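Raw coords06.cif, mmCIF, C-alpha atoms and all ligand atoms:
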```cif
data_query
loop_
_atom_site.group_PDB
_atom_site.id
_atom_site.type_symbol
_atom_site.label_atom_id
_atom_site.label_comp_id
_atom_site.auth_asym_id
_atom_site.auth_seq_id
_atom_site.Cartn_x
_atom_site.Cartn_y
_atom_site.Cartn_z
ATOM 1 C CA MET P 1 -13.628 4.565 11.148
ATOM 2 C CA SER P 2 -16.039 7.380 12.069
ATOM 3 C CA ARG P 3 -15.326 10.953 10.949
ATOM 4 C CA PRO P 4 -13.040 12.822 13.415
ATOM 5 C CA PHE P 5 -14.172 15.845 15.399
ATOM 6 C CA HIS P 6 -12.451 19.140 14.682
ATOM 7 C CA VAL P 7 -11.248 20.607 17.980
ATOM 8 C CA ARG P 8 -10.071 24.188 18.549
ATOM 9 C CA VAL P 9 -8.584 25.360 21.877
ATOM 10 C CA TRP P 10 -7.653 28.943 22.817
ATOM 11 C CA PRO P 11 -6.150 31.132 24.293
ATOM 12 C CA LEU P 12 -2.956 29.312 25.264
ATOM 13 C CA PRO P 13 -0.198 31.537 26.687
ATOM 14 C CA GLN P 14 3.081 31.517 24.741
ATOM 15 C CA TRP P 15 5.003 30.312 27.820
ATOM 16 C CA LEU P 16 2.767 27.270 28.336
ATOM 17 C CA ASP P 17 4.049 23.811 27.423
ATOM 18 C CA TRP P 18 0.640 22.891 25.973
ATOM 19 C CA ARG P 19 1.495 19.283 25.007
ATOM 20 C CA PRO P 20 0.570 17.592 28.308
ATOM 21 C CA LEU P 21 -2.575 19.732 28.562
ATOM 22 C CA LEU P 22 -3.878 18.920 25.076
ATOM 23 C CA GLY P 23 -2.585 15.363 24.884
ATOM 24 C CA PRO P 24 -1.810 13.336 21.778
ATOM 25 C CA GLY P 25 -3.021 14.625 18.396
ATOM 26 C CA GLU P 26 -1.854 16.269 15.202
ATOM 27 C CA TRP P 27 -2.022 19.763 16.706
ATOM 28 C CA THR P 28 -1.614 22.827 14.506
ATOM 29 C CA ILE P 29 -0.647 25.920 16.474
ATOM 30 C CA ASN P 30 -1.480 29.451 15.302
ATOM 31 C CA GLU P 31 -0.690 32.766 16.926
ATOM 32 C CA GLN P 32 -3.680 35.029 17.608
ATOM 33 C CA ASP P 33 -3.717 38.840 17.341
ATOM 34 C CA ASP P 34 -3.226 39.166 21.123
ATOM 35 C CA GLY P 35 -0.051 37.013 21.015
ATOM 36 C CA CYS P 36 -1.717 33.962 22.581
ATOM 37 C CA LEU P 37 -1.807 30.628 20.787
ATOM 38 C CA GLU P 38 -4.686 28.685 19.320
ATOM 39 C CA ALA P 39 -4.476 24.921 18.779
ATOM 40 C CA GLU P 40 -6.485 22.855 16.302
ATOM 41 C CA ALA P 41 -6.579 19.112 15.679
ATOM 42 C CA PRO P 42 -8.825 16.338 14.407
ATOM 43 C CA LEU P 43 -9.593 14.027 17.364
ATOM 44 C CA ASP P 44 -11.631 10.855 17.785
ATOM 45 C CA ARG P 45 -14.839 10.985 19.834
ATOM 46 C CA ALA P 46 -13.342 9.790 23.137
ATOM 47 C CA SER P 47 -10.310 12.112 22.991
ATOM 48 C CA ALA P 48 -12.435 15.143 22.097
ATOM 49 C CA ALA P 49 -14.879 14.451 24.948
ATOM 50 C CA ASP P 50 -11.977 13.839 27.358
ATOM 51 C CA LEU P 51 -10.371 17.160 26.439
ATOM 52 C CA ALA P 52 -13.669 19.043 26.800
ATOM 53 C CA ALA P 53 -14.088 17.562 30.302
ATOM 54 C CA ARG P 54 -10.495 18.378 31.289
ATOM 55 C CA LEU P 55 -10.628 21.976 30.128
ATOM 56 C CA ARG P 56 -14.030 22.870 31.546
ATOM 57 C CA GLY P 57 -13.627 25.847 33.897
ATOM 58 C CA VAL P 58 -9.822 25.832 33.587
ATOM 59 C CA GLY P 59 -8.148 29.235 33.532
ATOM 60 C CA ILE P 60 -4.469 29.556 32.697
ATOM 61 C CA GLY P 61 -2.464 32.766 32.813
ATOM 62 C CA GLY P 62 -5.450 35.037 33.507
ATOM 63 C CA SER P 63 -7.998 33.729 30.944
ATOM 64 C CA LEU P 64 -10.410 30.829 30.847
ATOM 65 C CA ILE P 65 -9.536 28.280 28.177
ATOM 66 C CA SER P 66 -12.203 27.911 25.469
ATOM 67 C CA ILE P 67 -12.809 24.762 23.465
ATOM 68 C CA GLU P 68 -14.902 24.436 20.325
ATOM 69 C CA ILE P 69 -15.766 21.024 18.881
ATOM 70 C CA SER P 70 -17.432 20.466 15.533
ATOM 71 C CA PRO P 71 -19.698 18.769 14.873
ATOM 72 C CA PRO P 72 -21.071 19.315 18.423
ATOM 73 C CA MET P 73 -20.756 16.296 20.711
ATOM 74 C CA HIS P 74 -23.611 14.323 22.256
ATOM 75 C CA ARG P 75 -24.327 15.199 25.894
ATOM 76 C CA LYS P 76 -23.932 11.591 26.944
ATOM 77 C CA ASP P 77 -20.328 11.467 25.650
ATOM 78 C CA LEU P 78 -19.509 14.670 27.533
ATOM 79 C CA ARG P 79 -21.199 13.421 30.715
ATOM 80 C CA LYS P 80 -19.243 10.163 30.610
ATOM 81 C CA ALA P 81 -15.964 12.043 30.118
ATOM 82 C CA SER P 82 -16.802 14.433 32.988
ATOM 83 C CA THR P 83 -17.461 11.511 35.349
ATOM 84 C CA GLU P 84 -14.118 9.962 34.391
ATOM 85 C CA GLU P 85 -12.339 13.311 34.871
ATOM 86 C CA ALA P 86 -13.903 13.742 38.321
ATOM 87 C CA ARG P 87 -12.665 10.241 39.276
ATOM 88 C CA ARG P 88 -9.134 11.054 38.078
ATOM 89 C CA TYR P 89 -9.220 14.306 40.065
ATOM 90 C CA ARG P 90 -10.233 12.504 43.289
ATOM 91 C CA GLU P 91 -7.550 9.870 42.893
ATOM 92 C CA GLY P 92 -4.911 12.167 41.403
ATOM 93 C CA SER P 93 -2.781 13.752 44.052
ATOM 94 C CA THR P 94 -2.649 12.534 47.584
ATOM 95 C CA GLY P 95 -0.859 14.735 50.069
ATOM 96 C CA PHE P 96 1.575 13.001 52.406
ATOM 97 C CA SER P 97 1.823 9.236 51.998
ATOM 98 C CA ARG P 98 3.099 8.487 55.512
ATOM 99 C CA ARG P 99 0.655 7.546 58.212
ATOM 100 C CA ALA P 100 0.327 9.631 61.368
ATOM 101 C CA VAL P 101 1.001 12.955 59.654
ATOM 102 C CA ARG P 102 -0.794 15.877 61.298
ATOM 103 C CA LEU P 103 -2.857 18.323 59.252
ATOM 104 C CA ASP P 104 -5.621 20.797 60.004
ATOM 105 C CA LYS P 105 -8.231 21.714 57.377
ATOM 106 C CA GLU P 106 -6.191 24.525 55.778
ATOM 107 C CA GLY P 107 -2.985 22.503 55.967
ATOM 108 C CA ARG P 108 -4.679 19.639 54.104
ATOM 109 C CA VAL P 109 -6.339 21.801 51.440
ATOM 110 C CA SER P 110 -3.186 23.772 50.733
ATOM 111 C CA LEU P 111 -0.668 20.920 50.968
ATOM 112 C CA THR P 112 1.587 20.478 47.927
ATOM 113 C CA PRO P 113 1.313 16.777 46.995
ATOM 114 C CA GLU P 114 4.330 14.856 48.269
ATOM 115 C CA ALA P 115 5.706 13.697 44.898
ATOM 116 C CA LEU P 116 5.371 17.180 43.445
ATOM 117 C CA ALA P 117 7.043 18.833 46.455
ATOM 118 C CA LEU P 118 9.920 16.372 46.149
ATOM 119 C CA SER P 119 10.308 17.010 42.420
ATOM 120 C CA LEU P 120 10.469 20.775 43.095
ATOM 121 C CA GLY P 121 13.090 20.115 45.757
ATOM 122 C CA GLU P 122 15.153 18.030 43.351
ATOM 123 C CA ARG P 123 15.474 21.018 41.029
ATOM 124 C CA VAL P 124 17.325 22.962 43.719
ATOM 125 C CA GLY P 125 18.825 20.149 45.815
ATOM 126 C CA GLY P 126 21.634 21.405 48.054
ATOM 127 C CA LEU P 127 20.605 25.060 48.239
ATOM 128 C CA ARG P 128 19.546 26.915 51.353
ATOM 129 C CA VAL P 129 15.846 27.676 51.004
ATOM 130 C CA ILE P 130 13.486 29.923 52.921
ATOM 131 C CA ASP P 131 9.950 28.513 52.788
ATOM 132 C CA ALA P 132 8.159 31.691 53.835
ATOM 133 C CA CYS P 133 4.623 30.247 54.118
ATOM 134 C CA ALA P 134 5.407 26.739 55.293
ATOM 135 C CA GLY P 135 1.910 25.549 56.299
ATOM 136 C CA ALA P 136 2.006 21.947 57.543
ATOM 137 C CA GLY P 137 5.333 21.417 55.810
ATOM 138 C CA GLY P 138 4.592 19.962 52.358
ATOM 139 C CA ASN P 139 7.228 21.980 50.491
ATOM 140 C CA ALA P 140 9.680 22.383 53.368
ATOM 141 C CA ILE P 141 9.821 18.586 53.703
ATOM 142 C CA GLY P 142 10.146 18.153 49.922
ATOM 143 C CA PHE P 143 13.099 20.573 49.837
ATOM 144 C CA ALA P 144 14.748 18.929 52.854
ATOM 145 C CA ARG P 145 14.327 15.415 51.411
ATOM 146 C CA ALA P 146 16.081 16.659 48.282
ATOM 147 C CA GLY P 147 19.101 17.731 50.345
ATOM 148 C CA CYS P 148 18.335 21.422 50.907
ATOM 149 C CA SER P 149 18.707 23.134 54.249
ATOM 150 C CA VAL P 150 15.449 24.916 54.944
ATOM 151 C CA VAL P 151 14.151 27.796 57.026
ATOM 152 C CA ALA P 152 10.414 27.149 57.457
ATOM 153 C CA ILE P 153 8.411 30.202 58.524
ATOM 154 C CA GLU P 154 4.726 29.970 59.416
ATOM 155 C CA ILE P 155 2.465 32.570 60.999
ATOM 156 C CA ASN P 156 0.141 29.977 62.563
ATOM 157 C CA PRO P 157 1.979 28.360 65.523
ATOM 158 C CA GLY P 158 -0.240 25.239 65.580
ATOM 159 C CA ARG P 159 0.423 24.590 61.894
ATOM 160 C CA LEU P 160 4.165 25.068 62.317
ATOM 161 C CA GLU P 161 4.067 22.401 65.060
ATOM 162 C CA MET P 162 2.353 20.102 62.540
ATOM 163 C CA ALA P 163 5.148 20.831 60.065
ATOM 164 C CA ARG P 164 7.740 19.958 62.721
ATOM 165 C CA HIS P 165 5.943 16.703 63.574
ATOM 166 C CA ASN P 166 5.568 15.788 59.882
ATOM 167 C CA ALA P 167 9.237 16.558 59.198
ATOM 168 C CA LYS P 168 10.215 14.150 62.018
ATOM 169 C CA LEU P 169 8.100 11.420 60.403
ATOM 170 C CA TYR P 170 10.048 11.932 57.176
ATOM 171 C CA GLY P 171 13.360 11.964 59.040
ATOM 172 C CA VAL P 172 14.320 15.478 57.896
ATOM 173 C CA ALA P 173 13.527 17.672 60.945
ATOM 174 C CA ASP P 174 17.251 18.241 61.536
ATOM 175 C CA ARG P 175 17.561 19.907 58.120
ATOM 176 C CA ILE P 176 14.783 22.417 58.845
ATOM 177 C CA GLU P 177 14.857 25.445 61.128
ATOM 178 C CA PHE P 178 11.278 26.188 62.233
ATOM 179 C CA ILE P 179 10.305 29.807 62.918
ATOM 180 C CA THR P 180 6.874 30.999 64.038
ATOM 181 C CA GLY P 181 5.967 34.484 62.875
ATOM 182 C CA ASP P 182 5.137 36.817 60.044
ATOM 183 C CA ALA P 183 7.620 36.112 57.255
ATOM 184 C CA ARG P 184 7.458 39.771 56.191
ATOM 185 C CA SER P 185 9.394 40.740 59.293
ATOM 186 C CA ILE P 186 11.758 37.736 59.233
ATOM 187 C CA VAL P 187 12.916 37.176 55.642
ATOM 188 C CA ALA P 188 15.101 40.304 55.380
ATOM 189 C CA GLU P 189 17.458 39.069 58.114
ATOM 190 C CA GLN P 190 17.805 35.522 56.726
ATOM 191 C CA LYS P 191 20.657 34.341 54.513
ATOM 192 C CA ALA P 192 19.656 31.843 51.812
ATOM 193 C CA ASP P 193 19.863 31.093 48.083
ATOM 194 C CA LEU P 194 16.157 30.801 47.343
ATOM 195 C CA LEU P 195 12.992 32.375 48.704
ATOM 196 C CA PHE P 196 10.029 30.060 48.106
ATOM 197 C CA VAL P 197 6.535 31.448 48.699
ATOM 198 C CA ASP P 198 3.363 29.369 48.571
ATOM 199 C CA PRO P 199 0.833 31.982 49.733
ATOM 200 C CA PRO P 200 -2.733 31.140 50.788
ATOM 201 C CA TRP P 201 -4.804 31.053 47.566
ATOM 202 C CA GLY P 202 -8.155 31.108 49.379
ATOM 203 C CA GLU P 203 -10.443 28.095 49.284
ATOM 204 C CA ARG P 204 -12.514 29.475 46.414
ATOM 205 C CA TYR P 205 -9.895 31.372 44.474
ATOM 206 C CA ASN P 206 -10.929 32.817 41.125
ATOM 207 C CA LYS P 207 -10.462 30.094 38.471
ATOM 208 C CA GLU P 208 -10.507 32.686 35.676
ATOM 209 C CA ARG P 209 -8.051 35.337 36.842
ATOM 210 C CA VAL P 210 -5.974 35.888 39.964
ATOM 211 C CA THR P 211 -3.660 38.876 40.364
ATOM 212 C CA LEU P 212 -0.674 39.601 42.617
ATOM 213 C CA SER P 213 -2.811 41.712 44.965
ATOM 214 C CA ASP P 214 -5.120 38.691 45.516
ATOM 215 C CA LEU P 215 -2.173 36.838 47.069
ATOM 216 C CA PRO P 216 -0.910 38.709 50.084
ATOM 217 C CA PRO P 217 1.831 38.627 51.353
ATOM 218 C CA CYS P 218 3.724 37.988 48.069
ATOM 219 C CA GLU P 219 4.379 41.585 47.079
ATOM 220 C CA GLU P 220 5.897 42.536 50.440
ATOM 221 C CA LEU P 221 7.895 39.311 50.652
ATOM 222 C CA LEU P 222 9.469 39.968 47.263
ATOM 223 C CA LYS P 223 10.480 43.431 48.440
ATOM 224 C CA CYS P 224 12.222 42.117 51.552
ATOM 225 C CA ALA P 225 14.032 39.348 49.645
ATOM 226 C CA THR P 226 16.013 41.440 47.158
ATOM 227 C CA HIS P 227 19.240 40.186 48.816
ATOM 228 C CA LEU P 228 18.487 36.599 47.697
ATOM 229 C CA SER P 229 19.509 35.446 44.234
ATOM 230 C CA LYS P 230 16.365 33.383 43.488
ATOM 231 C CA ARG P 231 12.712 34.024 44.333
ATOM 232 C CA TRP P 232 9.997 31.507 43.418
ATOM 233 C CA ILE P 233 6.288 31.998 43.986
ATOM 234 C CA LYS P 234 3.744 29.206 43.635
ATOM 235 C CA VAL P 235 0.484 30.673 42.335
ATOM 236 C CA PRO P 236 -2.826 29.314 40.971
ATOM 237 C CA PRO P 237 -2.939 28.313 37.278
ATOM 238 C CA SER P 238 -5.291 31.258 36.667
ATOM 239 C CA PHE P 239 -2.698 33.798 37.854
ATOM 240 C CA ASP P 240 -2.181 36.640 35.391
ATOM 241 C CA PRO P 241 1.633 37.016 35.089
ATOM 242 C CA GLU P 242 1.219 40.517 33.677
ATOM 243 C CA THR P 243 0.495 41.590 37.261
ATOM 244 C CA LEU P 244 4.099 40.679 38.149
ATOM 245 C CA PRO P 245 6.042 42.055 35.193
ATOM 246 C CA GLY P 246 9.489 40.667 34.454
ATOM 247 C CA CYS P 247 8.962 37.251 36.022
ATOM 248 C CA GLN P 248 9.647 33.987 34.231
ATOM 249 C CA VAL P 249 6.578 31.720 34.219
ATOM 250 C CA GLU P 250 6.382 27.947 34.214
ATOM 251 C CA ALA P 251 3.226 25.830 34.312
ATOM 252 C CA VAL P 252 3.909 22.885 36.610
ATOM 253 C CA TYR P 253 1.976 19.706 35.833
ATOM 254 C CA GLY P 254 1.068 17.007 38.352
ATOM 255 C CA VAL P 255 3.390 14.045 38.679
ATOM 256 C CA ALA P 256 0.941 11.592 40.300
ATOM 257 C CA LYS P 257 -0.941 9.066 38.164
ATOM 258 C CA GLY P 258 -4.019 10.689 36.618
ATOM 259 C CA ASP P 259 -2.629 14.136 37.319
ATOM 260 C CA GLU P 260 0.050 14.450 34.630
ATOM 261 C CA ARG P 261 -2.179 16.434 32.278
ATOM 262 C CA ARG P 262 -3.329 18.912 34.930
ATOM 263 C CA VAL P 263 -1.590 22.245 35.520
ATOM 264 C CA LYS P 264 -1.281 22.182 39.320
ATOM 265 C CA PHE P 265 0.213 25.653 39.695
ATOM 266 C CA LEU P 266 2.378 28.271 38.032
ATOM 267 C CA LEU P 267 5.869 28.847 39.294
ATOM 268 C CA LEU P 268 6.906 32.482 38.989
ATOM 269 C CA LYS P 269 10.642 32.961 39.022
ATOM 270 C CA ASN P 270 11.456 36.529 39.879
HETATM 271 C C1 LIG M 1 -0.735 27.562 50.925
HETATM 272 S S1 LIG M 1 -0.260 27.348 52.594
HETATM 273 C C2 LIG M 1 1.337 26.611 52.427
HETATM 274 C C3 LIG M 1 1.279 25.159 52.131
HETATM 275 C C4 LIG M 1 2.621 24.496 52.077
HETATM 276 N N1 LIG M 1 3.417 24.978 50.975
HETATM 277 C C5 LIG M 1 2.500 22.979 51.989
HETATM 278 O O1 LIG M 1 2.719 22.411 50.907
HETATM 279 O O2 LIG M 1 2.185 22.358 53.027
HETATM 280 C C6 LIG M 1 0.088 28.993 53.071
HETATM 281 C C7 LIG M 1 0.486 29.171 54.541
HETATM 282 O O3 LIG M 1 1.028 30.485 54.680
HETATM 283 C C8 LIG M 1 0.768 30.944 55.986
HETATM 284 N N2 LIG M 1 0.964 32.421 55.972
HETATM 285 C C9 LIG M 1 0.156 33.368 55.468
HETATM 286 N N3 LIG M 1 0.699 34.587 55.609
HETATM 287 C C10 LIG M 1 1.902 34.404 56.204
HETATM 288 C C11 LIG M 1 2.947 35.291 56.603
HETATM 289 N N4 LIG M 1 2.853 36.619 56.441
HETATM 290 N N5 LIG M 1 4.051 34.761 57.183
HETATM 291 C C12 LIG M 1 4.163 33.421 57.368
HETATM 292 N N6 LIG M 1 3.207 32.532 57.022
HETATM 293 C C13 LIG M 1 2.085 33.023 56.431
HETATM 294 C C14 LIG M 1 -0.656 30.466 56.247
HETATM 295 O O4 LIG M 1 -0.913 30.395 57.628
HETATM 296 C C15 LIG M 1 -0.652 29.094 55.557
HETATM 297 O O5 LIG M 1 -0.390 28.058 56.465
#
```
Mind turning the file's structure into structure tokens?
Amino acid sequence: MSRPFHVRVWPLPQWLDWRPLLGPGEWTINEQDDGCLEAEAPLDRASAADLAARLRGVGIGGSLISIEISPPMHRKDLRKASTEEARRYREGSTGFSRRAVRLDKEGRVSLTPEALALSLGERVGGLRVIDACAGAGGNAIGFARAGCSVVAIEINPGRLEMARHNAKLYGVADRIEFITGDARSIVAEQKADLLFVDPPWGERYNKERVTLSDLPPCEELLKCATHLSKRWIKVPPSFDPETLPGCQVEAVYGVAKGDERRVKFLLLKN
């Protein structure tokens, strides 16, 4: 068997479940001076190239992930792995699976994949949830399918109509109250157990570091939801949790085939 490659990956936040991200291997984990983790393992050629392709340009928790491989890999191995990674990404997470759903461009780009939305819903099944930035309904429908009663608020009236139509296709429109308007002036008067916010990330959000002020209207929504016992915000993987002190952070991986080793978003529980 050929000599393994020595692979080093850093910085990994302490709160990250790094196993799905790094994949199989005899990983040794060390703590760095800044409190982040560093992982090292001997990997075969294909696994090392695969990891390099997966981690290229990936930022988690406010820093880009670095990977060092020795001896250095041939370009052709890295190119092959990058092509394979791009294929997995394309096929990874489809949005809604039902035909005849309605989506505009932003609704499609920002849609939480169906299986993932349902798995989030299953964590809180039965609660009353306010989905403050409902878009075309990806999360609202996921929560409703899991048995929650949902208040879906959306500032764009056309997109809220899409959410209503999509909820009918999934047979859950009767579990969702649809409200058009700015959630910042609506949330305070609503009774619920959980505030869920999936703010617009922007099409080209910063893959290295995103802060709370990059994601309006999160800050104001948190302030008007102090009467609710749970507040969850769905933010890009590159979000720096130090910009929202005191929150609990979870990296949520994809659940669709080919997507299980990709951090899809961070869930901030405030
Ligand atoms: C990322 S999308 C939500 C996607 C949705 N979670 C899904 O899976 O389909 C964010 C949505 O928030 C809406 N939005 C932005 N600011 C808002 C506000 N202040 N009140 C209500 N909706 C808002 C945008 O119009 C956009 O449709």
message = Please return as a ChimeraX atom specification the residues found within 9 Å of ligand LIG 1 (chain M), counting all atoms listed in the file.
response = /P:95,103,106-114,117,131-142,152-157,159-160,163,180-186,196-202,216-218,220-221,234
Kindly compute an axis-aligned box around the listed atoms of range 11-24 of chain P, allowing 5 Å on each side, and express its centre and edge lengths in Å to one decimal as JSON.
```
{"center_x": -0.6, "center_y": 22.4, "center_z": 25.2, "size_x": 21.2, "size_y": 28.2, "size_z": 16.8}
```
inquiry  = Which residues, named as in the file, does the PyMOL selection byres (((chain P and resi 146) around 6) and not hetatm) pick out? Answer as a list in words.
reply    =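 Checking the PyMOL selection byres (((chain P and resi 146) around 6) and not hetatm) against this file, the residues are Gly121, Glu122, Gly125, Phe143, Ala144, Arg145, Gly147 and Cys148 of chain P.
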Could you write out the selected residues, including C-alpha atoms, as a PDB file, keeping the file's coordinate frame?
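This is the output file part.pdb:
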```
ATOM      1  CA  GLY P 121      13.090  20.115  45.757  1.00  0.00           C
ATOM      2  CA  GLU P 122      15.153  18.030  43.351  1.00  0.00           C
ATOM      3  CA  GLY P 125      18.825  20.149  45.815  1.00  0.00           C
ATOM      4  CA  PHE P 143      13.099  20.573  49.837  1.00  0.00           C
ATOM      5  CA  ALA P 144      14.748  18.929  52.854  1.00  0.00           C
ATOM      6  CA  ARG P 145      14.327  15.415  51.411  1.00  0.00           C
ATOM      7  CA  GLY P 147      19.101  17.731  50.345  1.00  0.00           C
ATOM      8  CA  CYS P 148      18.335  21.422  50.907  1.00  0.00           C
TER       9      CYS P 148
END
```
Target residues per the PyMOL selection byres (((chain P and resi 89-91) around 10) and not hetatm), formatted as a PDB file with C-alpha atoms, in the frame of the given file:
```pdb
ATOM      1  CA  ARG P  54     -10.495  18.378  31.289  1.00  0.00           C
ATOM      2  CA  THR P  83     -17.461  11.511  35.349  1.00  0.00           C
ATOM      3  CA  GLU P  84     -14.118   9.962  34.391  1.00  0.00           C
ATOM      4  CA  GLU P  85     -12.339  13.311  34.871  1.00  0.00           C
ATOM      5  CA  ALA P  86     -13.903  13.742  38.321  1.00  0.00           C
ATOM      6  CA  ARG P  87     -12.665  10.241  39.276  1.00  0.00           C
ATOM      7  CA  ARG P  88      -9.134  11.054  38.078  1.00  0.00           C
ATOM      8  CA  GLY P  92      -4.911  12.167  41.403  1.00  0.00           C
ATOM      9  CA  SER P  93      -2.781  13.752  44.052  1.00  0.00           C
ATOM     10  CA  THR P  94      -2.649  12.534  47.584  1.00  0.00           C
ATOM     11  CA  ALA P 256       0.941  11.592  40.300  1.00  0.00           C
ATOM     12  CA  LYS P 257      -0.941   9.066  38.164  1.00  0.00           C
ATOM     13  CA  GLY P 258      -4.019  10.689  36.618  1.00  0.00           C
ATOM     14  CA  ASP P 259      -2.629  14.136  37.319  1.00  0.00           C
ATOM     15  CA  ARG P 262      -3.329  18.912  34.930  1.00  0.00           C
TER      16      ARG P 262
END
```
query = How many Å lie between CA of Leu267 in chain P and CA of Pro236 in chain P, rounded to one decimal?
reply =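 CA of Leu267 in chain P sits 8.9 Å away from CA of Pro236 in chain P.
From CA of Gln32 in chain P back to CA of His6 in chain P, the distance works out to 18.4 Å.
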ask   = When distances are computed from all atoms listed in the file, which of P:Glu208, P:Glu189, P:Asp34, P:Asp17 shows the smallest separation from Ile130 in chain P?
value =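 Of the candidates, the smallest distance to Ile130 in chain P is held by P:Glu189.
Considering all atoms listed in the file, the residue among P:Glu260, P:Leu120, P:Cys36, P:Val210 positioned nearest to Gly23 in chain P is P:Glu260.
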